[in-house]
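The structure file my_file-v7.csv is reproduced below (CSV, C-alpha atoms).
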chain,number,residue,atom,x,y,z
M,1,MET,CA,6.6,9.8,6.4
M,2,PRO,CA,6.1,12.1,9.5
M,3,LEU,CA,9.2,10.8,11.3
M,4,TYR,CA,12.9,11.5,10.9
M,5,HIS,CA,14.9,8.3,10.7
M,6,LYS,CA,18.5,7.4,10.1
M,7,LEU,CA,20.6,4.3,9.6
M,8,GLY,CA,24.4,3.7,9.2
M,9,ASP,CA,27.1,6.3,8.8
M,10,PHE,CA,27.0,9.7,7.1
M,11,PRO,CA,28.8,13.1,7.5
M,12,GLN,CA,27.7,15.6,10.1
M,13,LYS,CA,27.1,18.3,7.4
M,14,ARG,CA,25.1,17.5,4.2
M,15,HIS,CA,26.7,18.0,0.8
M,16,THR,CA,30.2,17.8,2.1
M,17,GLN,CA,33.0,15.3,1.6
M,18,PHE,CA,32.5,11.9,3.1
M,19,GLU,CA,35.7,9.9,2.8
M,20,LYS,CA,36.0,6.1,2.7
M,21,PRO,CA,38.3,4.6,5.3
M,22,ASN,CA,40.7,3.3,2.6
M,23,GLY,CA,40.6,6.4,0.4
M,24,GLY,CA,38.2,7.9,-2.0
M,25,PHE,CA,34.7,9.2,-1.4
M,26,TYR,CA,31.2,8.0,-0.8
M,27,TYR,CA,28.6,9.3,-3.2
M,28,GLU,CA,25.7,11.3,-1.9
M,29,GLN,CA,22.2,11.0,-3.5
M,30,LEU,CA,19.1,13.1,-2.7
M,31,PHE,CA,16.1,10.8,-2.6
M,32,GLY,CA,13.1,13.1,-2.7
M,33,THR,CA,9.5,13.4,-3.7
M,34,GLU,CA,7.4,16.3,-5.2
M,35,GLY,CA,10.5,17.9,-6.6
M,36,PHE,CA,12.5,19.5,-3.9
M,37,HIS,CA,9.4,20.4,-1.9
M,38,GLY,CA,8.3,17.1,-0.4
M,39,HIS,CA,9.9,14.6,2.0
M,40,SER,CA,13.4,13.6,1.2
M,41,SER,CA,16.4,11.6,2.4
M,42,LEU,CA,20.1,11.8,1.7
M,43,SER,CA,21.8,8.5,1.1
M,44,TYR,CA,25.6,7.7,0.8
M,45,HIS,CA,26.7,5.1,-1.7
M,46,VAL,CA,29.9,3.0,-2.0
M,47,HIS,CA,29.6,3.5,-5.8
M,48,ARG,CA,28.0,6.1,-8.1
M,49,PRO,CA,24.3,5.2,-8.2
M,50,THR,CA,24.2,6.3,-11.9
M,51,GLN,CA,26.0,3.5,-13.6
M,52,VAL,CA,23.8,1.9,-16.2
M,53,LYS,CA,25.6,-0.7,-18.4
M,54,GLU,CA,22.8,-1.7,-20.7
M,55,ILE,CA,19.1,-1.3,-21.3
M,56,LEU,CA,17.6,-4.6,-22.4
M,57,ASN,CA,13.9,-5.3,-23.0
M,58,SER,CA,11.1,-2.7,-22.6
M,59,TYR,CA,7.5,-3.9,-22.8
M,60,SER,CA,4.0,-2.7,-21.9
M,61,VAL,CA,2.4,-3.7,-18.6
M,62,GLU,CA,-0.6,-1.4,-19.0
M,63,PRO,CA,-3.8,-2.9,-17.7
M,64,LYS,CA,-6.4,-3.9,-20.4
M,65,ILE,CA,-9.7,-2.2,-19.7
M,66,ALA,CA,-12.9,-4.2,-19.9
M,67,ILE,CA,-15.3,-1.5,-18.7
M,68,GLY,CA,-14.3,2.2,-19.1
M,69,LYS,CA,-17.4,3.9,-17.7
M,70,ASN,CA,-19.1,1.9,-15.0
M,71,ILE,CA,-22.3,2.3,-13.0
M,72,LYS,CA,-22.5,-1.3,-11.7
M,73,SER,CA,-21.7,-2.5,-8.2
M,74,LEU,CA,-19.3,-5.4,-8.6
M,75,LEU,CA,-17.8,-8.2,-6.5
M,76,PHE,CA,-14.6,-9.9,-7.3
M,77,LYS,CA,-13.5,-13.2,-5.8
M,78,GLY,CA,-9.9,-12.4,-5.0
M,79,PHE,CA,-8.8,-15.8,-3.8
M,80,GLU,CA,-9.7,-17.3,-7.2
M,81,LEU,CA,-6.7,-15.4,-8.6
M,82,LYS,CA,-4.2,-18.2,-9.4
M,83,PRO,CA,-0.8,-18.0,-7.7
M,84,GLU,CA,2.3,-17.4,-9.9
M,85,ASN,CA,5.9,-17.9,-9.1
M,86,ASP,CA,7.3,-14.4,-10.0
M,87,PHE,CA,6.4,-11.4,-7.9
M,88,LEU,CA,5.7,-9.0,-10.7
M,89,ASP,CA,4.0,-11.5,-12.9
M,90,SER,CA,1.6,-12.3,-10.0
M,91,ARG,CA,0.5,-8.7,-9.7
M,92,LYS,CA,-2.8,-8.2,-11.5
M,93,ALA,CA,-4.5,-4.8,-11.8
M,94,MET,CA,-8.2,-4.9,-11.0
M,95,LEU,CA,-9.3,-1.3,-10.9
M,96,VAL,CA,-7.6,1.7,-12.4
M,97,ASN,CA,-7.9,5.4,-13.1
M,98,LYS,CA,-5.5,8.3,-13.8
M,99,ASP,CA,-4.5,8.5,-10.1
M,100,CYS,CA,-4.0,4.9,-9.0
M,101,ILE,CA,-3.9,1.2,-9.7
M,102,ILE,CA,-5.7,-1.2,-7.3
M,103,GLY,CA,-4.7,-4.8,-7.6
M,104,LEU,CA,-4.1,-8.3,-6.2
M,105,ALA,CA,-1.0,-10.5,-6.1
M,106,ALA,CA,-0.4,-14.1,-5.2
M,107,PRO,CA,3.4,-14.6,-5.5
M,108,LYS,CA,4.8,-18.1,-4.6
M,109,GLU,CA,8.4,-17.2,-4.7
M,110,SER,CA,10.7,-14.5,-3.3
M,111,LEU,CA,11.9,-11.7,-5.6
M,112,ARG,CA,15.7,-12.3,-5.5
M,113,SER,CA,16.8,-12.7,-9.2
M,114,TYR,CA,16.3,-9.0,-10.0
M,115,PHE,CA,15.6,-5.7,-8.3
M,116,TYR,CA,12.4,-3.7,-8.8
M,117,LYS,CA,11.7,0.1,-8.8
M,118,ASN,CA,8.4,1.8,-9.5
M,119,ALA,CA,9.4,5.2,-11.0
M,120,ASP,CA,5.8,6.4,-11.3
M,121,ALA,CA,4.0,5.5,-8.2
M,122,ASP,CA,4.2,5.1,-4.4
M,123,GLU,CA,3.1,1.6,-3.5
M,124,MET,CA,1.0,0.3,-0.6
M,125,LEU,CA,1.2,-3.5,-0.2
M,126,PHE,CA,-1.2,-5.0,2.3
M,127,ILE,CA,-0.2,-8.5,3.5
M,128,HIS,CA,-3.2,-10.7,3.7
M,129,LYS,CA,-1.4,-14.0,3.8
M,130,GLY,CA,2.4,-14.5,4.1
M,131,LYS,CA,5.4,-13.6,6.1
M,132,GLY,CA,8.8,-12.4,5.2
M,133,LYS,CA,11.1,-9.4,4.7
M,134,LEU,CA,11.0,-6.3,2.5
M,135,ARG,CA,14.6,-5.7,1.4
M,136,THR,CA,15.3,-2.2,0.2
M,137,MET,CA,18.3,0.1,-0.5
M,138,LEU,CA,17.4,2.0,2.7
M,139,GLY,CA,17.1,-1.0,5.0
M,140,ASN,CA,14.9,-4.0,5.6
M,141,ILE,CA,11.4,-4.3,7.1
M,142,PRO,CA,9.9,-7.6,8.4
M,143,PHE,CA,6.3,-8.2,7.6
M,144,GLU,CA,3.5,-10.5,8.4
M,145,TYR,CA,-0.3,-10.9,8.2
M,146,GLY,CA,-2.1,-7.6,8.5
M,147,ASP,CA,0.9,-5.3,7.7
M,148,TYR,CA,0.7,-2.4,5.4
M,149,LEU,CA,4.0,-1.7,3.6
M,150,ILE,CA,4.4,1.9,2.2
M,151,ILE,CA,7.1,2.0,-0.5
M,152,PRO,CA,7.8,5.5,-1.9
M,153,ARG,CA,8.3,5.8,-5.7
M,154,GLY,CA,11.9,5.2,-6.7
M,155,ILE,CA,12.8,2.9,-3.8
M,156,ILE,CA,14.7,-0.1,-5.1
M,157,TYR,CA,13.5,-3.3,-3.5
M,158,GLN,CA,13.3,-7.0,-3.4
M,159,ILE,CA,10.8,-9.1,-1.3
M,160,GLU,CA,11.7,-12.2,0.6
M,161,PHE,CA,8.9,-14.6,1.6
M,162,GLU,CA,9.2,-17.3,4.3
M,163,THR,CA,5.9,-18.7,3.0
M,164,GLU,CA,4.6,-20.2,-0.3
M,165,GLU,CA,1.0,-19.1,0.2
M,166,ASN,CA,1.1,-15.3,-0.1
M,167,ARG,CA,-1.8,-13.0,-0.8
M,168,LEU,CA,-1.4,-9.3,-1.3
M,169,PHE,CA,-3.8,-6.4,-1.9
M,170,TYR,CA,-1.9,-3.4,-3.3
M,171,VAL,CA,-2.4,0.1,-4.5
M,172,GLU,CA,-0.1,2.1,-6.7
M,173,SER,CA,-0.6,5.9,-6.2
M,174,TYR,CA,0.7,8.6,-8.5
M,175,THR,CA,0.7,11.0,-5.5
M,176,PRO,CA,2.5,10.2,-2.2
M,177,PHE,CA,0.9,8.4,0.7
M,178,TYR,CA,0.6,10.4,4.0
M,179,THR,CA,-1.1,9.9,7.3
M,180,PRO,CA,-4.2,12.1,7.5
M,181,LYS,CA,-3.6,15.8,8.2
M,182,ARG,CA,-6.3,15.9,10.9
M,183,TYR,CA,-4.4,13.4,13.0
M,184,LYS,CA,-1.3,15.7,13.2
M,185,ASN,CA,-0.1,19.0,14.6
M,186,GLN,CA,1.6,21.7,12.5
M,187,SER,CA,5.0,20.0,13.0
M,188,GLY,CA,3.7,16.6,11.9
M,189,GLN,CA,3.5,14.8,15.3
M,190,HIS,CA,0.4,12.6,15.7
M,191,LEU,CA,-2.1,14.1,18.1
M,192,GLU,CA,-3.8,12.4,21.1
M,193,HIS,CA,-7.0,11.7,19.1
M,194,SER,CA,-5.2,9.8,16.3
M,195,PRO,CA,-6.0,6.1,16.1
M,196,PHE,CA,-2.3,5.3,15.9
M,197,CYS,CA,1.0,7.0,16.8
M,198,GLU,CA,4.6,7.0,15.9
M,199,ARG,CA,5.3,4.0,18.1
M,200,ASP,CA,3.2,1.9,15.8
M,201,PHE,CA,5.3,2.3,12.6
M,202,ILE,CA,7.7,-0.4,11.6
M,203,LEU,CA,10.8,1.4,10.4
M,204,PRO,CA,13.7,0.2,8.2
M,205,ASN,CA,16.5,-1.6,10.0
M,206,GLU,CA,19.3,-4.0,9.1
M,207,LEU,CA,20.9,-1.8,6.4
M,208,GLU,CA,22.5,-4.0,3.8
M,209,THR,CA,25.7,-2.6,2.2
M,210,HIS,CA,27.1,-4.5,-0.7
M,211,ASP,CA,30.3,-3.5,-2.3
M,212,GLU,CA,29.9,-5.4,-5.5
M,213,LYS,CA,30.5,-4.8,-9.2
M,214,GLY,CA,29.0,-6.9,-12.0
M,215,ASP,CA,25.7,-7.1,-13.8
M,216,PHE,CA,22.6,-6.4,-11.7
M,217,LEU,CA,19.2,-6.6,-13.4
M,218,MET,CA,16.8,-3.9,-12.4
M,219,LYS,CA,13.2,-3.8,-13.6
M,220,ILE,CA,11.8,-0.3,-13.6
M,221,LYS,CA,8.1,0.5,-14.1
M,222,LYS,CA,7.6,3.8,-15.9
M,223,GLU,CA,4.6,5.2,-17.9
M,224,GLY,CA,3.0,1.8,-18.2
M,225,MET,CA,6.2,0.1,-19.4
M,226,LEU,CA,8.6,-2.2,-17.7
M,227,HIS,CA,12.2,-1.6,-18.6
M,228,GLU,CA,14.9,-4.1,-17.9
M,229,VAL,CA,18.1,-2.2,-17.1
M,230,VAL,CA,21.5,-3.6,-16.1
M,231,TYR,CA,23.3,-1.7,-13.4
M,232,ALA,CA,27.1,-2.0,-13.0
M,233,THR,CA,27.0,-2.1,-9.1
M,234,HIS,CA,24.8,-3.7,-6.5
M,235,PRO,CA,21.8,-1.4,-5.8
M,236,PHE,CA,22.1,-2.0,-2.1
M,237,ASP,CA,25.4,-0.2,-1.5
M,238,VAL,CA,24.2,2.5,0.9
M,239,VAL,CA,26.5,2.9,4.0
M,240,GLY,CA,24.2,5.4,5.7
M,241,TRP,CA,21.2,7.8,5.2
M,242,ASP,CA,18.9,10.1,7.0
M,243,GLY,CA,15.7,12.0,6.3
M,244,TYR,CA,12.0,11.6,6.0
M,245,ASN,CA,11.4,9.7,2.7
M,246,PHE,CA,11.8,6.0,3.2
M,247,PRO,CA,9.7,2.8,3.2
M,248,TYR,CA,7.9,1.8,6.4
M,249,GLY,CA,5.3,-0.7,7.7
M,250,PHE,CA,2.2,-0.4,9.8
M,251,SER,CA,0.0,-3.2,11.2
M,252,ILE,CA,-3.7,-2.9,10.7
M,253,HIS,CA,-3.9,-4.6,14.2
M,254,ASN,CA,-2.4,-1.5,15.7
M,255,PHE,CA,-5.2,0.7,14.4
M,256,GLU,CA,-7.4,1.8,17.4
M,257,PRO,CA,-11.0,2.3,16.2
M,258,ILE,CA,-12.9,5.4,17.1
M,259,THR,CA,-16.5,4.6,18.2
M,260,GLY,CA,-19.5,6.6,19.4
M,261,ARG,CA,-23.0,6.5,20.7
M,262,VAL,CA,-24.3,6.3,17.2
M,263,HIS,CA,-22.8,4.9,14.0
M,264,GLN,CA,-19.6,6.7,13.0
M,265,PRO,CA,-19.0,7.7,9.3
M,266,PRO,CA,-16.2,6.0,7.3
M,267,PRO,CA,-13.6,8.8,7.8
M,268,VAL,CA,-13.1,7.8,11.4
M,269,HIS,CA,-11.4,4.6,10.0
M,270,GLN,CA,-9.0,6.6,7.7
M,271,THR,CA,-5.4,5.4,7.8
M,272,PHE,CA,-3.7,7.0,4.8
M,273,GLU,CA,-4.5,9.8,2.4
M,274,THR,CA,-3.2,11.0,-0.9
M,275,ALA,CA,-4.3,13.9,-3.0
M,276,THR,CA,-6.7,11.6,-5.0
M,277,PHE,CA,-8.0,8.9,-2.6
M,278,VAL,CA,-8.0,7.7,1.0
M,279,VAL,CA,-7.4,4.4,2.6
M,280,CYS,CA,-9.4,3.2,5.7
M,281,SER,CA,-9.0,0.3,8.0
M,282,PHE,CA,-12.1,-1.5,9.4
M,283,CYS,CA,-11.0,-3.3,12.5
M,284,PRO,CA,-12.6,-5.2,15.4
M,285,ARG,CA,-14.4,-2.8,17.6
M,286,LEU,CA,-17.3,-2.2,20.0
M,287,TYR,CA,-20.5,-1.1,18.3
M,288,ASP,CA,-22.4,2.1,19.0
M,289,TYR,CA,-23.9,2.4,22.5
M,290,HIS,CA,-27.0,4.7,22.2
M,291,PRO,CA,-30.0,2.6,23.4
M,292,LYS,CA,-31.6,2.9,20.0
M,293,ALA,CA,-28.4,2.6,18.0
M,294,ILE,CA,-28.3,0.7,14.7
M,295,PRO,CA,-24.8,-0.8,14.4
M,296,ALA,CA,-25.1,-1.5,10.6
M,297,PRO,CA,-24.0,1.4,8.4
M,298,TYR,CA,-26.7,3.7,7.0
M,299,ASN,CA,-27.4,3.8,3.3
M,300,HIS,CA,-25.4,6.4,1.5
M,301,SER,CA,-24.9,7.8,-1.9
M,302,ASN,CA,-21.4,7.8,-3.5
M,303,ILE,CA,-21.6,11.3,-5.0
M,304,ASP,CA,-17.9,12.1,-4.9
M,305,SER,CA,-16.0,8.8,-4.9
M,306,ASP,CA,-15.9,5.2,-5.9
M,307,GLU,CA,-15.7,2.9,-2.9
M,308,VAL,CA,-13.6,-0.3,-2.9
M,309,ILE,CA,-13.5,-2.7,0.0
M,310,TYR,CA,-11.1,-5.5,0.4
M,311,TYR,CA,-12.4,-8.1,2.9
M,312,VAL,CA,-9.6,-9.6,5.1
M,313,ASP,CA,-11.2,-11.5,7.9
M,314,GLY,CA,-14.1,-11.9,10.4
M,315,ASP,CA,-17.8,-11.6,10.0
M,316,PHE,CA,-18.9,-8.8,7.6
M,317,MET,CA,-22.0,-7.7,9.3
M,318,SER,CA,-23.4,-5.4,6.7
M,319,ARG,CA,-23.2,-7.8,3.7
M,320,ASN,CA,-24.3,-11.3,2.9
M,321,ASN,CA,-22.1,-14.0,1.4
M,322,ILE,CA,-18.9,-12.1,1.8
M,323,GLU,CA,-15.7,-14.1,2.1
M,324,GLN,CA,-12.0,-13.5,2.7
M,325,GLY,CA,-10.3,-12.0,-0.3
M,326,HIS,CA,-13.4,-10.6,-1.9
M,327,ILE,CA,-13.4,-7.1,-3.3
M,328,THR,CA,-16.5,-5.0,-3.7
M,329,LEU,CA,-16.8,-1.9,-5.9
M,330,HIS,CA,-19.6,0.6,-5.1
M,331,PRO,CA,-19.4,3.3,-7.9
M,332,LYS,CA,-20.3,6.9,-7.6
M,333,GLY,CA,-23.7,7.8,-8.9
M,334,ILE,CA,-25.8,5.1,-7.1
M,335,PRO,CA,-26.5,4.6,-3.4
M,336,HIS,CA,-25.5,1.5,-1.5
M,337,GLY,CA,-25.8,0.2,2.1
M,338,PRO,CA,-26.4,-2.9,4.1
M,339,ALA,CA,-27.8,-6.0,2.4
M,340,PRO,CA,-31.5,-6.7,3.0
M,341,GLY,CA,-31.9,-7.9,6.6
M,342,ALA,CA,-28.5,-6.8,7.7
M,343,MET,CA,-29.8,-3.6,9.4
M,344,GLU,CA,-32.3,-5.5,11.5
M,345,ARG,CA,-29.8,-8.3,12.2
M,346,SER,CA,-27.3,-5.9,13.6
M,347,ILE,CA,-29.6,-4.4,16.3
M,348,GLY,CA,-28.6,-5.5,19.8
M,349,HIS,CA,-25.1,-6.7,18.8
M,350,LYS,CA,-22.3,-5.3,20.9
M,351,GLU,CA,-19.2,-5.7,18.7
M,352,THR,CA,-17.7,-6.8,15.4
M,353,GLN,CA,-14.6,-8.8,14.5
M,354,GLU,CA,-14.5,-7.6,10.9
M,355,LEU,CA,-11.2,-6.7,9.3
M,356,ALA,CA,-11.2,-4.9,5.9
M,357,VAL,CA,-9.3,-2.3,3.9
M,358,MET,CA,-11.3,0.4,2.0
M,359,VAL,CA,-10.0,2.6,-0.8
M,360,ASP,CA,-12.2,5.6,-1.8
M,361,THR,CA,-11.1,7.2,-5.0
M,362,PHE,CA,-12.2,10.7,-6.0
M,363,ARG,CA,-12.3,9.8,-9.7
M,364,PRO,CA,-14.2,6.9,-11.2
M,365,LEU,CA,-12.5,3.6,-11.6
M,366,MET,CA,-12.2,1.5,-14.7
M,367,ILE,CA,-12.5,-2.3,-14.5
M,368,THR,CA,-9.8,-4.5,-16.1
M,369,GLU,CA,-10.1,-7.7,-17.9
M,370,GLU,CA,-8.3,-9.5,-15.1
M,371,ALA,CA,-10.9,-8.2,-12.7
M,372,MET,CA,-13.8,-9.4,-14.8
M,373,GLY,CA,-12.4,-12.8,-14.8
M,374,LEU,CA,-13.1,-12.8,-11.0
M,375,ASP,CA,-16.5,-11.1,-11.1
M,376,ASP,CA,-19.4,-13.0,-9.5
M,377,GLY,CA,-21.8,-11.5,-12.0
M,378,GLN,CA,-24.7,-11.0,-9.5
M,379,TYR,CA,-23.5,-8.6,-6.8
M,380,TYR,CA,-25.3,-5.5,-8.2
M,381,LYS,CA,-28.6,-7.2,-7.6
M,382,SER,CA,-27.9,-8.1,-4.0
M,383,TRP,CA,-29.9,-5.2,-2.5
M,384,THR,CA,-33.2,-6.5,-4.2
M,385,GLU,CA,-35.6,-7.9,-1.7
M,386,SER,CA,-36.8,-11.4,-2.6
Translate this structure into structure tokens?
Amino acid sequence: MPLYHKLGDFPQKRHTQFEKPNGGFYYEQLFGTEGFHGHSSLSYHVHRPTQVKEILNSYSVEPKIAIGKNIKSLLFKGFELKPENDFLDSRKAMLVNKDCIIGLAAPKESLRSYFYKNADADEMLFIHKGKGKLRTMLGNIPFEYGDYLIIPRGIIYQIEFETEENRLFYVESYTPFYTPKRYKNQSGQHLEHSPFCERDFILPNELETHDEKGDFLMKIKKEGMLHEVVYATHPFDVVGWDGYNFPYGFSIHNFEPITGRVHQPPPVHQTFETATFVVCSFCPRLYDYHPKAIPAPYNHSNIDSDEVIYYVDGDFMSRNNIEQGHITLHPKGIPHGPAPGAMERSIGHKETQELAVMVDTFRPLMITEEAMGLDDGQYYKSWTES
């Protein structure tokens, strides 16, 4: 996160004594990423954050691969994913490689009976349907339709829904999420040409501090396993923290599209980057204004990346028969572009109301059995002229 943020109380000098009002000391914890090199925060706990009472069940949650080496363009009907009560049970991996997991979730109930921590991956949750609050050890973040939630690895969290119909698109990344380097100056401030700025981020607030002992169930994801661990104290016992490593939100509706006289390439829509993939936001915008402009995207070959698009809302001008919740995969090694007739149809149009999230991975993606259960079976033929 490019911002310094703080909540609650903490000592003026780091790594020094921080006394409780009634005697004793608070316990400092460094919460960092990329060893001691990346972004970090220092948090101060009522109890030692190291107290594990018991390790219960451990079981595999590794995705089952249906296609390991793929050349076929695919379309998955995401809204056909059946809702499930439990937050983690509802999460279904669709596309995976050594760098990330891309999936869908349709949880019906809030996560309140246990706490969750992803020890391997930073998480990006995109809220397609639903409203509520992300509750974390470093503070709470309200969310609604169109919000990205970026949750660094190791963050302990629960999620509280005000709604029963909830649809999420998510990405787990084994390298941290950042905003694109080209949008920032050398000290990390977003520049004037950036399509968003620091004012747009939704920062943690409402720090919960629980001074409770007991049995607190934590589910920790690590190396494809889910471990059920019992903590001796409430995980939300932080009295204060400061730093640069914390969860935050960003609304796709606050992305300000970059347009030009002729069609702009996908990187102008980039919202986040990691070392192994990028995330782009396609938002309502004016079309190109050259008198001979073709608003539809030009055909292009995926030489270096697999392209995944999650369709959120609006009219998807470049494709036919695309609906909300659909996911398309355009794999590297074969060109793709507008559906037949879409280029001609686009000429003369002045704007689009489309809303979509794109993930371009630098390594090929494998397709899971869960994804194949949502496959339309025909998409790869959709460029053939009848």
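Here atom CA of M:Ile303 and atom CA of M:Leu365 stand 13.6 Å from one another.
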_Residues near M:Ala121, cut-off 8 Å, only C-alpha atoms, skip fewer than 5 positions along chain, as a list of chain:residue names_ = M:Pro152, M:Arg153, M:Glu172, M:Ser173, M:Tyr174, M:Thr175, M:Pro176
Selection export as a compact mmCIF listing (two decimals), in the frame of the given file, atoms kept: C-alpha atoms:
# COMPACT_ATOMS: atom_id res chain seq x y z
CA PRO M 152 7.80 5.50 -1.90
CA ARG M 153 8.30 5.80 -5.70
CA GLU M 172 -0.10 2.10 -6.70
CA SER M 173 -0.60 5.90 -6.20
CA TYR M 174 0.70 8.60 -8.50
CA THR M 175 0.70 11.00 -5.50
CA PRO M 176 2.50 10.20 -2.20
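Checking M:Gly78, M:Gly8, M:Pro180, M:Pro49 one by one against M:Thr274, counting all atoms listed in the file, you find the shortest gap at M:Pro180.
Residues surrounding M:Ile159 within 9 Å are Phe87, Ser110, Leu111, Arg112, Gly132, Lys133, Leu134, Arg135 and Thr136 of chain M [only C-alpha atoms; sequence separation below 6 positions excluded].
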Include C-alpha atoms and write out the residues we just selected as a tab-separated table (two decimals), keeping the file's coordinate frame.
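Resulting contents of selection-v3.tsv:
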chain	number	residue	atom	x	y	z
M	87	PHE	CA	6.40	-11.40	-7.90
M	110	SER	CA	10.70	-14.50	-3.30
M	111	LEU	CA	11.90	-11.70	-5.60
M	112	ARG	CA	15.70	-12.30	-5.50
M	132	GLY	CA	8.80	-12.40	5.20
M	133	LYS	CA	11.10	-9.40	4.70
M	134	LEU	CA	11.00	-6.30	2.50
M	135	ARG	CA	14.60	-5.70	1.40
M	136	THR	CA	15.30	-2.20	0.20
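Shortest atom-to-atom contact with M:Asp122 among M:Pro107, M:Pro235, M:Gly260, M:Pro247: M:Pro247, counting only C-alpha atoms.
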*Find the residues with any atom within 7 Å of (-28.5, 0.9, 2.8); use all atoms listed in the file and the coordinates as given in the file, and write the answer as an NGL selection string.*
:M and (298-300 or 336-339)
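Note that the spacing between atom CA of M:Leu374 and atom CA of M:Lys72 amounts to 14.9 Å.
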*Could you tell me how far atom CA of M:Met225 lies from atom CA of M:Lys64, in Å and to one decimal?*
13.3 Å
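Closest approach to M:Gly23 among M:Val46, M:Val359, M:Met366, M:Val239: M:Val46, based on only C-alpha atoms.
In this comparison, which uses all atoms listed in the file, the residue of M:Asp288, M:Asp242, M:Asp120, M:Glu344 approaching M:Gln264 most closely is M:Asp288.
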*Do a neighbour search on M:His15 at 10 Å with all atoms listed in the file, toss out local chain neighbours closer than 4 positions, and write the hits as JSON, numbers by chain.*
{"M": [11, 27, 28, 29, 30, 42]}
*Would you mind listing what lies within 6 Å of M:Glu123 as number ranges by chain, with all atoms listed in the file counted and same-chain residues fewer than 5 positions away left out?*
M: 150-151, 171-172
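In this comparison, which uses all atoms listed in the file, the residue of M:Pro297, M:Gly32, M:Pro266, M:Gly103 approaching M:Tyr310 most closely is M:Gly103.
Using all atoms listed in the file for every distance, the candidate list M:Gly377, M:Leu329, M:Val238, M:Leu81 yields M:Val238 as the residue closest to M:Phe10.
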*For a cut-off of 8 Å around (17.2, -4.9, -11.5), file coordinates, pick out all residues using only C-alpha atoms and list them as a ChimeraX atom specification.*
/M:114-117,216-220,228-231
Need the shell around M:Lys332: protein/DNA/RNA residues with any atom at most 10 Å away, counting all atoms listed in the file. Skip same-chain ones fewer than 5 positions apart. Format as a PDB file with C-alpha atoms, in the frame of the given file?
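Heads up, here's the output in out_36.pdb:
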ATOM      1  CA  ASN M  70     -19.100   1.900 -15.000  1.00  0.00           C
ATOM      2  CA  ILE M  71     -22.300   2.300 -13.000  1.00  0.00           C
ATOM      3  CA  LYS M  72     -22.500  -1.300 -11.700  1.00  0.00           C
ATOM      4  CA  SER M  73     -21.700  -2.500  -8.200  1.00  0.00           C
ATOM      5  CA  SER M 301     -24.900   7.800  -1.900  1.00  0.00           C
ATOM      6  CA  ASN M 302     -21.400   7.800  -3.500  1.00  0.00           C
ATOM      7  CA  ILE M 303     -21.600  11.300  -5.000  1.00  0.00           C
ATOM      8  CA  ASP M 304     -17.900  12.100  -4.900  1.00  0.00           C
ATOM      9  CA  SER M 305     -16.000   8.800  -4.900  1.00  0.00           C
ATOM     10  CA  ASP M 306     -15.900   5.200  -5.900  1.00  0.00           C
ATOM     11  CA  GLU M 307     -15.700   2.900  -2.900  1.00  0.00           C
ATOM     12  CA  THR M 361     -11.100   7.200  -5.000  1.00  0.00           C
ATOM     13  CA  PHE M 362     -12.200  10.700  -6.000  1.00  0.00           C
ATOM     14  CA  ARG M 363     -12.300   9.800  -9.700  1.00  0.00           C
ATOM     15  CA  PRO M 364     -14.200   6.900 -11.200  1.00  0.00           C
ATOM     16  CA  LEU M 365     -12.500   3.600 -11.600  1.00  0.00           C
TER      17      LEU M 365
END
Some atoms are absent from stretch 287-293 of chain M, so rebuild N, CA, C and O atoms and return them as a CSV table (one decimal), in the frame of the given file.
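Done, and the output landed in part-v3.csv:
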chain,number,residue,atom,x,y,z
M,287,TYR,N,-19.5,-1.8,19.1
M,287,TYR,CA,-20.5,-1.1,18.3
M,287,TYR,C,-21.0,0.1,19.1
M,287,TYR,O,-20.6,0.4,20.3
M,288,ASP,N,-21.9,0.9,18.5
M,288,ASP,CA,-22.4,2.1,19.0
M,288,ASP,C,-23.3,1.8,20.3
M,288,ASP,O,-23.9,0.7,20.4
M,289,TYR,N,-23.3,2.7,21.2
M,289,TYR,CA,-23.9,2.4,22.5
M,289,TYR,C,-25.1,3.3,22.9
M,289,TYR,O,-25.6,3.3,24.0
M,290,HIS,N,-25.7,4.0,21.9
M,290,HIS,CA,-27.0,4.7,22.2
M,290,HIS,C,-28.0,3.5,22.3
M,290,HIS,O,-27.9,2.5,21.6
M,291,PRO,N,-29.0,3.7,23.2
M,291,PRO,CA,-30.0,2.6,23.4
M,291,PRO,C,-30.7,2.3,22.2
M,291,PRO,O,-31.3,1.1,22.1
M,292,LYS,N,-30.9,3.2,21.2
M,292,LYS,CA,-31.6,2.9,20.0
M,292,LYS,C,-30.6,2.8,18.8
M,292,LYS,O,-31.0,2.9,17.6
M,293,ALA,N,-29.4,2.6,19.1
M,293,ALA,CA,-28.4,2.6,18.0
M,293,ALA,C,-28.6,1.4,17.0
M,293,ALA,O,-29.1,0.4,17.4
